[in-house]
Every structure is written in structure tokens, then in C-alpha cells.
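Enquirer: The following file, upload_24.pdb, comprises PDB, C-alpha atoms:
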```
MODEL        1
ATOM      1  CA  MET A   1      97.581 114.192  97.246
ATOM      2  CA  PHE A   2      99.828 112.483  99.785
ATOM      3  CA  ARG A   3     100.055 114.211 103.144
ATOM      4  CA  GLY A   4     100.860 113.335 106.720
ATOM      5  CA  ARG A   5     103.476 111.298 108.599
ATOM      6  CA  PHE A   6     103.104 107.666 109.548
ATOM      7  CA  GLU A   7     105.429 105.336 111.433
ATOM      8  CA  TYR A   8     105.778 101.692 110.403
ATOM      9  CA  ASN A   9     108.255  98.892 111.003
ATOM     10  CA  ILE A  10     110.094  97.115 108.247
ATOM     11  CA  ASP A  11     110.322  93.334 108.649
ATOM     12  CA  GLU A  12     113.417  91.141 108.394
ATOM     13  CA  LYS A  13     112.647  90.394 104.720
ATOM     14  CA  GLY A  14     112.507  94.096 103.813
ATOM     15  CA  ARG A  15     108.712  94.312 103.566
ATOM     16  CA  ILE A  16     106.821  97.292 104.879
ATOM     17  CA  SER A  17     103.157  98.245 104.926
ATOM     18  CA  ILE A  18     102.110 101.310 102.989
ATOM     19  CA  PRO A  19      99.975 103.584 105.200
ATOM     20  CA  ALA A  20      96.253 103.007 104.625
ATOM     21  CA  LYS A  21      95.749 106.715 103.840
ATOM     22  CA  PHE A  22      98.358 106.475 101.070
ATOM     23  CA  ARG A  23      96.793 103.283  99.672
ATOM     24  CA  GLU A  24      93.428 105.116  99.585
ATOM     25  CA  VAL A  25      94.985 107.956  97.570
ATOM     26  CA  LEU A  26      96.540 105.459  95.158
ATOM     27  CA  LYS A  27      93.226 103.714  94.619
ATOM     28  CA  ARG A  28      91.035 106.837  94.492
ATOM     29  CA  GLU A  29      93.262 109.145  92.445
ATOM     30  CA  TYR A  30      95.320 106.720  90.375
ATOM     31  CA  GLY A  31      93.317 103.485  90.238
ATOM     32  CA  SER A  32      96.533 101.558  90.636
ATOM     33  CA  ASP A  33      98.760  99.976  93.230
ATOM     34  CA  GLN A  34     101.894 100.418  91.120
ATOM     35  CA  LEU A  35     104.666 102.587  92.529
ATOM     36  CA  ILE A  36     108.040 103.707  91.273
ATOM     37  CA  ILE A  37     110.616 103.940  94.042
ATOM     38  CA  THR A  38     114.072 105.487  93.851
ATOM     39  CA  ILE A  39     116.738 107.001  96.071
ATOM     40  CA  PHE A  40     116.677 110.668  96.978
ATOM     41  CA  ASP A  41     118.713 112.577  99.552
ATOM     42  CA  SER A  42     118.889 110.355 102.644
ATOM     43  CA  CYS A  43     115.593 108.600 101.996
ATOM     44  CA  LEU A  44     113.581 106.761  99.384
ATOM     45  CA  VAL A  45     110.922 108.470  97.334
ATOM     46  CA  ALA A  46     107.854 106.755  95.869
ATOM     47  CA  TYR A  47     105.551 107.975  93.120
ATOM     48  CA  PRO A  48     102.401 106.475  91.632
ATOM     49  CA  LEU A  49     103.191 105.097  88.187
ATOM     50  CA  ALA A  50     101.039 107.795  86.521
ATOM     51  CA  GLU A  51     102.972 110.612  88.247
ATOM     52  CA  TRP A  52     106.279 108.989  87.278
ATOM     53  CA  GLN A  53     105.156 108.825  83.658
ATOM     54  CA  VAL A  54     104.405 112.575  83.708
ATOM     55  CA  PHE A  55     107.915 113.105  85.089
ATOM     56  CA  GLU A  56     109.399 110.922  82.330
ATOM     57  CA  GLU A  57     107.653 112.966  79.657
ATOM     58  CA  LYS A  58     109.205 116.137  81.066
ATOM     59  CA  MET A  59     112.634 114.501  81.294
ATOM     60  CA  LYS A  60     112.543 113.611  77.588
ATOM     61  CA  ASN A  61     112.882 117.291  76.753
ATOM     62  CA  LEU A  62     116.171 117.717  78.622
ATOM     63  CA  SER A  63     119.466 117.533  76.769
ATOM     64  CA  LEU A  64     121.746 114.634  77.656
ATOM     65  CA  LEU A  65     124.616 116.863  76.586
ATOM     66  CA  LYS A  66     124.183 118.864  79.796
ATOM     67  CA  LYS A  67     126.321 117.532  82.613
ATOM     68  CA  GLU A  68     123.648 118.157  85.257
ATOM     69  CA  VAL A  69     121.056 116.187  83.292
ATOM     70  CA  LYS A  70     123.405 113.226  82.893
ATOM     71  CA  PHE A  71     124.283 113.238  86.572
ATOM     72  CA  PHE A  72     120.666 113.542  87.641
ATOM     73  CA  LEU A  73     119.515 110.702  85.378
ATOM     74  CA  ARG A  74     122.369 108.460  86.481
ATOM     75  CA  TYR A  75     121.594 108.976  90.140
ATOM     76  CA  PHE A  76     117.850 109.480  90.467
ATOM     77  CA  TYR A  77     116.335 107.965  87.355
ATOM     78  CA  SER A  78     118.578 104.955  86.812
ATOM     79  CA  GLY A  79     117.908 103.674  90.312
ATOM     80  CA  ALA A  80     114.140 103.663  89.889
ATOM     81  CA  ILE A  81     112.278 100.367  90.242
ATOM     82  CA  GLU A  82     108.661  99.379  89.773
ATOM     83  CA  CYS A  83     107.080  98.133  92.946
ATOM     84  CA  ALA A  84     103.624  96.622  93.341
ATOM     85  CA  ILE A  85     101.740  96.651  96.604
ATOM     86  CA  ASP A  86     100.889  93.098  97.657
ATOM     87  CA  ASP A  87      97.524  91.822  98.933
ATOM     88  CA  HIS A  88      98.548  92.750 102.488
ATOM     89  CA  GLY A  89      99.284  96.388 101.585
ATOM     90  CA  ARG A  90     103.061  95.913 101.681
ATOM     91  CA  ILE A  91     105.976  96.559  99.382
ATOM     92  CA  LEU A  92     109.369  94.878  99.305
ATOM     93  CA  ILE A  93     112.242  97.331  99.566
ATOM     94  CA  PRO A  94     115.410  95.946  97.937
ATOM     95  CA  SER A  95     118.475  95.659 100.176
ATOM     96  CA  GLN A  96     120.483  98.292  98.269
ATOM     97  CA  PHE A  97     117.653 100.785  98.827
ATOM     98  CA  ARG A  98     117.466  99.906 102.528
ATOM     99  CA  GLU A  99     121.225 100.454 102.769
ATOM    100  CA  HIS A 100     121.087 103.827 100.973
ATOM    101  CA  ALA A 101     118.329 105.165 103.257
ATOM    102  CA  ARG A 102     119.846 103.438 106.310
ATOM    103  CA  LEU A 103     116.481 101.802 106.950
ATOM    104  CA  LYS A 104     116.632  99.602 109.999
ATOM    105  CA  LYS A 105     113.378  98.661 111.703
ATOM    106  CA  GLU A 106     111.501 101.871 112.494
ATOM    107  CA  THR A 107     110.574 104.044 109.522
ATOM    108  CA  VAL A 108     108.587 107.184 108.808
ATOM    109  CA  PHE A 109     106.427 107.705 105.706
ATOM    110  CA  VAL A 110     106.203 111.380 104.774
ATOM    111  CA  GLY A 111     103.539 112.572 102.341
ATOM    112  CA  VAL A 112     104.915 115.083  99.840
ATOM    113  CA  MET A 113     102.037 116.042  97.538
ATOM    114  CA  LYS A 114     102.411 113.847  94.410
ATOM    115  CA  GLY A 115     104.477 111.160  96.137
ATOM    116  CA  PHE A 116     105.848 110.132  99.478
ATOM    117  CA  GLU A 117     109.185 109.543 101.155
ATOM    118  CA  ILE A 118     110.354 106.650 103.317
ATOM    119  CA  TRP A 119     112.850 107.575 106.029
ATOM    120  CA  ASP A 120     114.644 105.742 108.788
ATOM    121  CA  LYS A 121     113.060 107.082 111.981
ATOM    122  CA  GLU A 122     116.352 108.278 113.512
ATOM    123  CA  VAL A 123     117.507 109.933 110.287
ATOM    124  CA  TRP A 124     114.111 111.645 109.955
ATOM    125  CA  ALA A 125     114.341 112.963 113.527
ATOM    126  CA  GLY A 126     117.698 114.569 112.702
ATOM    127  CA  GLU A 127     116.355 116.094 109.498
ATOM    128  CA  ILE A 128     113.235 117.504 111.142
ATOM    129  CA  GLU A 129     115.378 119.213 113.793
ATOM    130  CA  LYS A 130     117.335 120.965 111.017
ATOM    131  CA  TYR A 131     114.085 122.031 109.357
ATOM    132  CA  LYS A 132     112.733 123.483 112.596
ATOM    133  CA  GLU A 133     115.761 125.794 112.816
ATOM    134  CA  THR A 134     115.106 127.387 109.409
ATOM    135  CA  PHE A 135     111.342 126.961 109.027
ATOM    136  CA  ASP A 136     110.464 130.637 109.506
ATOM    137  CA  GLU A 137     113.018 131.783 106.938
ATOM    138  CA  ILE A 138     111.963 129.144 104.415
ATOM    139  CA  SER A 139     108.265 129.936 104.982
ATOM    140  CA  GLU A 140     108.899 133.576 104.131
ATOM    141  CA  SER A 141     110.688 132.625 100.901
ATOM    142  CA  ILE A 142     107.874 130.342  99.826
ATOM    143  CA  ALA A 143     105.298 133.016 100.638
ATOM    144  CA  GLU A 144     107.211 135.412  98.355
ATOM    145  CA  TRP A 145     107.345 132.819  95.517
ATOM    146  CA  MET A 146     103.613 132.279  95.855
ATOM    147  CA  GLY A 147     102.853 136.006  96.015
ATOM    148  CA  LEU A 148     101.336 135.787  99.491
TER     149      LEU A 148
ENDMDL
END
```
Represent the structure contained in this file as C-alpha cells.
Expert:
Amino acid sequence: MFRGRFEYNIDEKGRISIPAKFREVLKREYGSDQLIITIFDSCLVAYPLAEWQVFEEKMKNLSLLKKEVKFFLRYFYSGAIECAIDDHGRILIPSQFREHARLKKETVFVGVMKGFEIWDKEVWAGEIEKYKETFDEISESIAEWMGL
């Protein structure tokens, strides 16, 4: 399970270190350093290869005749790339991904259960301010969904 927030800098070549806590989860729970990275909202999202494969199995059952499925696959799925963590604990983020997420130098890794997100620090700060405004309302909705 990926949790927590970590700040890291991306270098001029587009390499960034994966937080040690996240590398531990990858090793302990997945036995692999393989990630799938794709674009999502205003950030990048990364999943261990095993989690991505579970997702792919579920996607196989969706009808390509549905407009929403086609659009989703074209945007989210088609942009996915395999990404190995190097011996220094880093990944290389392709330039088109850096452009999409507006990644400059300072980034924030955000653990989101089965995967994690990579945000530009300024963009993340703006998003978190929006979340603070509606957190109580959203918390109540989630509590209802969970029967709490």
C-alpha cells in the first residue's frame, strides 16, 4: 500500500528518485521494480506492473463500442509506458509526460493505495487548497458509502 507525501527534485535529464518508502513497498509487496506510468488529471500516475495487469484484466471486459470506454482507453491506457527503476532508485520521465504534468524541478509524490501520483509542487499546492475547501463534505459522502 502506497501512502504519504514526499518531495523530490527532477534533474535536467528528466530523472527522479522514487521515495525509499515506495521502493520498499514495490520490493516487499510486488517483488519487482517495474512500474507502469501514464497521465491522469494534472499529474502522472504510477502502478506496479502487477497492479496494472489486474487493471488490464478488468478492462478486457469493457465494450469498445461504448464511447466512454474508447475515450478512456485512448487517453489513459494508450499513454501508458513501462518504466524500470534504475540502480540509483530513479526513473526517467519522458518529456511529453513532464509537459503534461507541468513538472519543472520540484515535485511531490503522493501515495494513493495501489499506486502513486507524481505532481509538480506548485500544481499540487493549488489542488490541495481546493481539497481543503470540500474535505468535510467529501468525508461525509465516503463515510456513507462505507456504511460508517
Enquirer: Which residues fall under the PyMOL selection byres ((chain A and resi 108-112) around 6) in this file, as a list of chain:residue names?
Expert: A:Phe2, A:Arg3, A:Gly4, A:Arg5, A:Phe6, A:Glu7, A:Thr107, A:Met113, A:Gly115, A:Phe116, A:Glu117, A:Ile118, A:Trp119, A:Lys121
Enquirer: I would like the residues chosen by the PyMOL selection byres ((chain A and resi 93) around 8) on the shown file; could you give them as a PyMOL selection string?
Expert: chain A and resi 14-16+91-92+94-95+97-98
Enquirer: Between A:Met146, A:Ile36, A:Leu65, A:Ile85, which residue has the minimum interatomic distance to Gln53 of chain A, considering all atoms listed in the file?
Expert: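 For Gln53 of chain A, the nearest of the candidates is A:Ile36.
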Enquirer: Could you pull the residues within 7 Å of segment 19-31 of chain A, counting all atoms listed in the file, minus those fewer than 2 positions along the same chain, as number ranges by chain?
Expert: A: 1-2, 6, 17, 33, 48, 50
Enquirer: Check the smallest atom-to-atom distance from each of A:Ser141, A:Gly89, A:Ile128, A:Ile10 to Leu103 of chain A using only C-alpha atoms, then report the winner.
Expert: A:Ile10
Enquirer: For a test of reading the model, state the distance in Å between atom CA of Lys104 of chain A and atom CA of Lys13 of chain A, rounded to one decimal.
Expert: 11.3 Å
